[in-house]
Amino acid sequence: MPRPSTHGTVPPSEAAGTARSAPLGPVTMQGPPAISTDIPLQSQALQPAALGSVPAPSAHPARSLRRTIADTDLVVHPLALGGSVFGWTADGATSTSVLDRHRELGGNFLDTADSYTSGRSEVIIGAWLRSRRARDSTVIATKIGKNRDNPGLSSRSIIGAVHASLDRLGTDYIDLLHFHFDDPTVPLEESLGAVDVLMRSGQVRYLAASNFSAERLMEARVLAANGLPRFVALQTQYSLLHRTPFESSLALVTGAQGLAVLPYFALAHGFLAGRYRSKADLQKTTRASRAAKHLNRHGFRVLAVLDRIAEEHEVAPAAIAIAWLIARSPVVAPVASASHPDQVEALVAAAGIRLTRGDMVDLDRVSAH
């Protein structure tokens with residue numbers, strides 16, 4: 001079957017290692033805390049007429065900003081564009097414009113899941129990849145385990161979910177497959193064994209965890225030492241307003257195992273972008289209701305410091321919030337979404353911001369509980 005070309009990778013001889021059995025090594029910390037395109041699409045609403053012409057990626061400083069996910073040859077932009085809004089708060093045409101803008105600004109890393117809008121997010125991304133002929137230059141991460149057709153992490157569900165995602169994405173391989181959530185009803189050995197089959201067939205390149213506890217990550221590492229696929233990354237909630245769960249235990253384990261950290265809810269449902277500054281700003285949406293919990297003294301103090309530092313750097317507050325994450329070890333690429341093309345620039349710009357020591361101290365202090 002065709003193998004990936006350069007699509008954001010480095011030659012195997014230059015890769016950081018293999019995806020299987022790197023030793024645990026000592027615990028190190030740097031402070032409290034990174035195709036078969038003839039498969040038919042499942043939606044006829046996203047045809048070339050709606051997608052428009054194919055824009056060429058522009059020359060942009062962000063294009064040179066890349067990080068390697070440890071123990072892989074995946075070389076990614078330090079901002080992963082989240083696909084949770086595609087088909088939800090962003091329709092097909094708007095989602096396509098968001099993807100175009102992200103690519104024009106140098107982005108190459110997309111994050112989605114088989115459960116986002118019941119798979120429609122993957123369909124939209126797949127249609128865009130085909131129209132733009134962008135598969136080889138794009139790193140695709142998708143998550144499985146929550147789709148109603150293939151729930152959980154049994155061997156049968158994993159195989160079925162991956163095949164369905166490949167169909168929706170219009171590709172024959174997934175760069176980074178996440179277990180969306182832990183499934184305690186299934187032995188982890190069975191789940192990893194199913195992925196081993198998919199990796200040997202070339203349908204999955206690397207495996208990652210999402211929403212796993214430190215204890216389960218350690219269990220997975222023991223199984224990997226016995227020859228099963230190992231996790232190379234962890235997706236977890238982490239932001240200026242949600243620090244303790246990660247920094248109290250997961251930071252130690254991810255650092256010890258050399259896992260790339262991919263924080264989600266990096267903007268705290270839009271609060272850290274400055275979208276919600278009073279109850280009057282809250283619309284009747286799921287995102288607004290989640291952001292509402294930050295309309296308190298602590299949230300406003302964090303936002304005030306973000307506003308000040310953003311003004312000094314002449315960028316949006318969202319860019320500073322993401323830049324803070326990018327500067328943390330072992331974060332490789334925060335995941336953030338955009339419902340409109342105009343929002344993309346602030347996200348991508350975060351990768352080029354160099355926060356001063358004083359900026360980091362102020363942000364650390366105001367966000368600490």
# chains A, B, ... in the order shown; residues from 1 in each chain; ligands from 1

call {"tool": "select_by_dssp", "arguments": {"residues": "stretch 209-350 of chain A", "states": "strand (DSSP E)", "output": "PyMOL selection string"}}
result
chain A and resi 209-210+231-237+260-264+335-336

call {"tool": "closest_atom_pairs", "arguments": {"of": "stretch 156-250 of chain A", "to": "stretch 66-79 of chain A", "cutoff": "8 Å", "atoms": "only C-alpha atoms", "output": "CSV"}}
result
residue,atom,partner,partner_atom,distance
A:Asp175,CA,A:Leu74,CA,7.9
A:Tyr206,CA,A:Thr72,CA,7.5
A:Val232,CA,A:Asp71,CA,6.7
A:Ala233,CA,A:Ile69,CA,7.6

call {"tool": "atom_distance", "arguments": {"atom1": "atom CA of A:Gly274", "atom2": "atom CA of A:Val302"}}
result
10.5 Å

call {"tool": "select_by_dssp", "arguments": {"residues": "stretch 178-217 of chain A", "states": "alpha helix (DSSP H)", "output": "PDB file with N, CA, C and O atoms, in the first residue's frame"}}
result
ATOM      1  N   LEU A 188      -6.410  -3.464  28.786  1.00  0.00           N
ATOM      2  CA  LEU A 188      -5.599  -2.588  27.955  1.00  0.00           C
ATOM      3  C   LEU A 188      -4.767  -3.397  26.961  1.00  0.00           C
ATOM      4  O   LEU A 188      -4.501  -2.939  25.844  1.00  0.00           O
ATOM      5  N   GLU A 189      -4.400  -4.596  27.341  1.00  0.00           N
ATOM      6  CA  GLU A 189      -3.638  -5.461  26.449  1.00  0.00           C
ATOM      7  C   GLU A 189      -4.422  -5.775  25.176  1.00  0.00           C
ATOM      8  O   GLU A 189      -3.865  -5.819  24.079  1.00  0.00           O
ATOM      9  N   GLU A 190      -5.740  -5.978  25.312  1.00  0.00           N
ATOM     10  CA  GLU A 190      -6.576  -6.240  24.134  1.00  0.00           C
ATOM     11  C   GLU A 190      -6.619  -5.018  23.218  1.00  0.00           C
ATOM     12  O   GLU A 190      -6.506  -5.141  21.988  1.00  0.00           O
ATOM     13  N   SER A 191      -6.783  -3.825  23.812  1.00  0.00           N
ATOM     14  CA  SER A 191      -6.864  -2.607  23.012  1.00  0.00           C
ATOM     15  C   SER A 191      -5.560  -2.355  22.251  1.00  0.00           C
ATOM     16  O   SER A 191      -5.567  -2.052  21.058  1.00  0.00           O
ATOM     17  N   LEU A 192      -4.442  -2.495  22.957  1.00  0.00           N
ATOM     18  CA  LEU A 192      -3.154  -2.273  22.309  1.00  0.00           C
ATOM     19  C   LEU A 192      -2.881  -3.333  21.251  1.00  0.00           C
ATOM     20  O   LEU A 192      -2.279  -3.051  20.212  1.00  0.00           O
ATOM     21  N   GLY A 193      -3.338  -4.554  21.494  1.00  0.00           N
ATOM     22  CA  GLY A 193      -3.160  -5.624  20.508  1.00  0.00           C
ATOM     23  C   GLY A 193      -3.900  -5.333  19.215  1.00  0.00           C
ATOM     24  O   GLY A 193      -3.406  -5.621  18.116  1.00  0.00           O
ATOM     25  N   ALA A 194      -5.101  -4.755  19.326  1.00  0.00           N
ATOM     26  CA  ALA A 194      -5.857  -4.412  18.122  1.00  0.00           C
ATOM     27  C   ALA A 194      -5.130  -3.337  17.321  1.00  0.00           C
ATOM     28  O   ALA A 194      -5.078  -3.391  16.081  1.00  0.00           O
ATOM     29  N   VAL A 195      -4.562  -2.352  18.014  1.00  0.00           N
ATOM     30  CA  VAL A 195      -3.823  -1.310  17.317  1.00  0.00           C
ATOM     31  C   VAL A 195      -2.564  -1.887  16.674  1.00  0.00           C
ATOM     32  O   VAL A 195      -2.149  -1.445  15.594  1.00  0.00           O
ATOM     33  N   ASP A 196      -1.963  -2.870  17.314  1.00  0.00           N
ATOM     34  CA  ASP A 196      -0.776  -3.507  16.750  1.00  0.00           C
ATOM     35  C   ASP A 196      -1.085  -4.067  15.364  1.00  0.00           C
ATOM     36  O   ASP A 196      -0.289  -3.920  14.424  1.00  0.00           O
ATOM     37  N   VAL A 197      -2.246  -4.693  15.218  1.00  0.00           N
ATOM     38  CA  VAL A 197      -2.661  -5.238  13.922  1.00  0.00           C
ATOM     39  C   VAL A 197      -2.792  -4.115  12.898  1.00  0.00           C
ATOM     40  O   VAL A 197      -2.342  -4.230  11.751  1.00  0.00           O
ATOM     41  N   LEU A 198      -3.408  -3.007  13.314  1.00  0.00           N
ATOM     42  CA  LEU A 198      -3.613  -1.873  12.409  1.00  0.00           C
ATOM     43  C   LEU A 198      -2.288  -1.217  12.030  1.00  0.00           C
ATOM     44  O   LEU A 198      -2.114  -0.758  10.897  1.00  0.00           O
ATOM     45  N   MET A 199      -1.351  -1.168  12.961  1.00  0.00           N
ATOM     46  CA  MET A 199      -0.053  -0.574  12.667  1.00  0.00           C
ATOM     47  C   MET A 199       0.742  -1.458  11.711  1.00  0.00           C
ATOM     48  O   MET A 199       1.416  -0.958  10.807  1.00  0.00           O
ATOM     49  N   ARG A 200       0.666  -2.744  11.896  1.00  0.00           N
ATOM     50  CA  ARG A 200       1.389  -3.661  11.017  1.00  0.00           C
ATOM     51  C   ARG A 200       0.858  -3.614   9.588  1.00  0.00           C
ATOM     52  O   ARG A 200       1.595  -3.837   8.633  1.00  0.00           O
ATOM     53  N   ALA A 214      -2.626   8.881  35.125  1.00  0.00           N
ATOM     54  CA  ALA A 214      -1.203   8.577  35.232  1.00  0.00           C
ATOM     55  C   ALA A 214      -0.995   7.074  35.452  1.00  0.00           C
ATOM     56  O   ALA A 214      -0.066   6.474  34.898  1.00  0.00           O
ATOM     57  N   GLU A 215      -1.877   6.479  36.242  1.00  0.00           N
ATOM     58  CA  GLU A 215      -1.743   5.048  36.531  1.00  0.00           C
ATOM     59  C   GLU A 215      -1.910   4.207  35.272  1.00  0.00           C
ATOM     60  O   GLU A 215      -1.163   3.241  35.048  1.00  0.00           O
ATOM     61  N   ARG A 216      -2.858   4.558  34.447  1.00  0.00           N
ATOM     62  CA  ARG A 216      -3.085   3.775  33.216  1.00  0.00           C
ATOM     63  C   ARG A 216      -1.966   4.008  32.206  1.00  0.00           C
ATOM     64  O   ARG A 216      -1.612   3.112  31.429  1.00  0.00           O
ATOM     65  N   LEU A 217      -1.386   5.183  32.197  1.00  0.00           N
ATOM     66  CA  LEU A 217      -0.248   5.423  31.320  1.00  0.00           C
ATOM     67  C   LEU A 217       0.938   4.562  31.728  1.00  0.00           C
ATOM     68  O   LEU A 217       1.666   4.038  30.874  1.00  0.00           O
TER      69      LEU A 217
END

call {"tool": "residues_around", "arguments": {"residues": "A:Asp182", "least_positions_apart": "5", "cutoff": "8 Å", "atoms": "only C-alpha atoms", "output": "JSON list (two decimals) with N, CA and C atoms, in the first residue's frame"}}
result
[["chain", "number", "residue", "atom", "x", "y", "z"],
["A", 153, "LEU", "N", -13.26, 0.48, 23.65],
["A", 153, "LEU", "CA", -11.94, 0.12, 23.13],
["A", 153, "LEU", "C", -11.74, -1.39, 23.03],
["A", 210, "SER", "N", -5.81, 9.82, 25.23],
["A", 210, "SER", "CA", -6.54, 11.04, 25.55],
["A", 210, "SER", "C", -7.34, 10.78, 26.82],
["A", 211, "ASN", "N", -7.22, 11.68, 27.78],
["A", 211, "ASN", "CA", -7.97, 11.57, 29.03],
["A", 211, "ASN", "C", -7.63, 10.29, 29.81],
["A", 212, "PHE", "N", -6.38, 9.88, 29.78],
["A", 212, "PHE", "CA", -5.93, 8.72, 30.55],
["A", 212, "PHE", "C", -5.31, 9.20, 31.86]]

call {"tool": "residues_around", "arguments": {"residues": "stretch 156-171 of chain A", "least_positions_apart": "3", "cutoff": "10 Å", "atoms": "only C-alpha atoms", "output": "ChimeraX atom specification"}}
result
/A:35-43,113-115,119-130,135,140,142-153,174,177,179,190-192,194-195,197-198,203-204

call {"tool": "write_last_selection", "arguments": {"atoms": "C-alpha atoms", "output": "short mmCIF file (atom, residue, chain, number, x, y, z; two decimals), in the first residue's frame"}}
result
data_model
loop_
_atom_site.label_atom_id
_atom_site.label_comp_id
_atom_site.auth_asym_id
_atom_site.auth_seq_id
_atom_site.Cartn_x
_atom_site.Cartn_y
_atom_site.Cartn_z
CA ILE A 35 -4.27 7.32 0.48
CA SER A 36 -6.67 6.05 -1.31
CA THR A 37 -8.50 9.17 -2.42
CA ASP A 38 -11.11 7.24 -4.37
CA ILE A 39 -12.99 6.31 -1.21
CA PRO A 40 -16.45 7.89 -1.53
CA LEU A 41 -17.37 10.60 0.96
CA GLN A 42 -20.43 10.08 3.10
CA SER A 43 -21.72 13.60 2.51
CA ALA A 113 -12.49 12.56 16.41
CA ASP A 114 -14.96 10.03 15.10
CA SER A 115 -17.55 11.38 17.56
CA GLY A 119 -18.29 11.87 12.23
CA ARG A 120 -19.11 14.91 10.12
CA SER A 121 -15.93 16.66 11.24
CA GLU A 122 -13.90 13.86 9.65
CA VAL A 123 -16.01 14.08 6.48
CA ILE A 124 -15.37 17.83 6.19
CA ILE A 125 -11.64 17.39 6.75
CA GLY A 126 -11.53 14.52 4.27
CA ALA A 127 -13.28 16.58 1.61
CA TRP A 128 -10.84 19.44 2.18
CA LEU A 129 -7.81 17.12 1.99
CA ARG A 130 -8.99 15.74 -1.34
CA ARG A 135 -2.88 14.81 2.51
CA ILE A 140 -3.92 13.95 10.85
CA THR A 142 -8.18 11.45 15.16
CA LYS A 143 -9.73 9.90 18.24
CA ILE A 144 -11.86 6.77 18.58
CA GLY A 145 -13.97 5.22 21.31
CA LYS A 146 -16.99 7.53 21.58
CA ASN A 147 -18.78 6.99 18.29
CA ARG A 148 -22.09 5.16 18.83
CA ASP A 149 -21.37 2.72 16.02
CA ASN A 150 -18.07 1.60 17.54
CA PRO A 151 -18.14 2.44 21.25
CA GLY A 152 -15.36 1.65 23.66
CA LEU A 153 -11.94 0.12 23.13
CA ILE A 174 -4.00 7.81 10.19
CA LEU A 177 -4.62 7.61 16.53
CA PHE A 179 -7.92 6.43 22.39
CA GLU A 190 -6.58 -6.24 24.13
CA SER A 191 -6.86 -2.61 23.01
CA LEU A 192 -3.15 -2.27 22.31
CA ALA A 194 -5.86 -4.41 18.12
CA VAL A 195 -3.82 -1.31 17.32
CA VAL A 197 -2.66 -5.24 13.92
CA LEU A 198 -3.61 -1.87 12.41
CA GLN A 203 -3.46 1.88 8.61
CA VAL A 204 -2.23 3.54 11.82
#
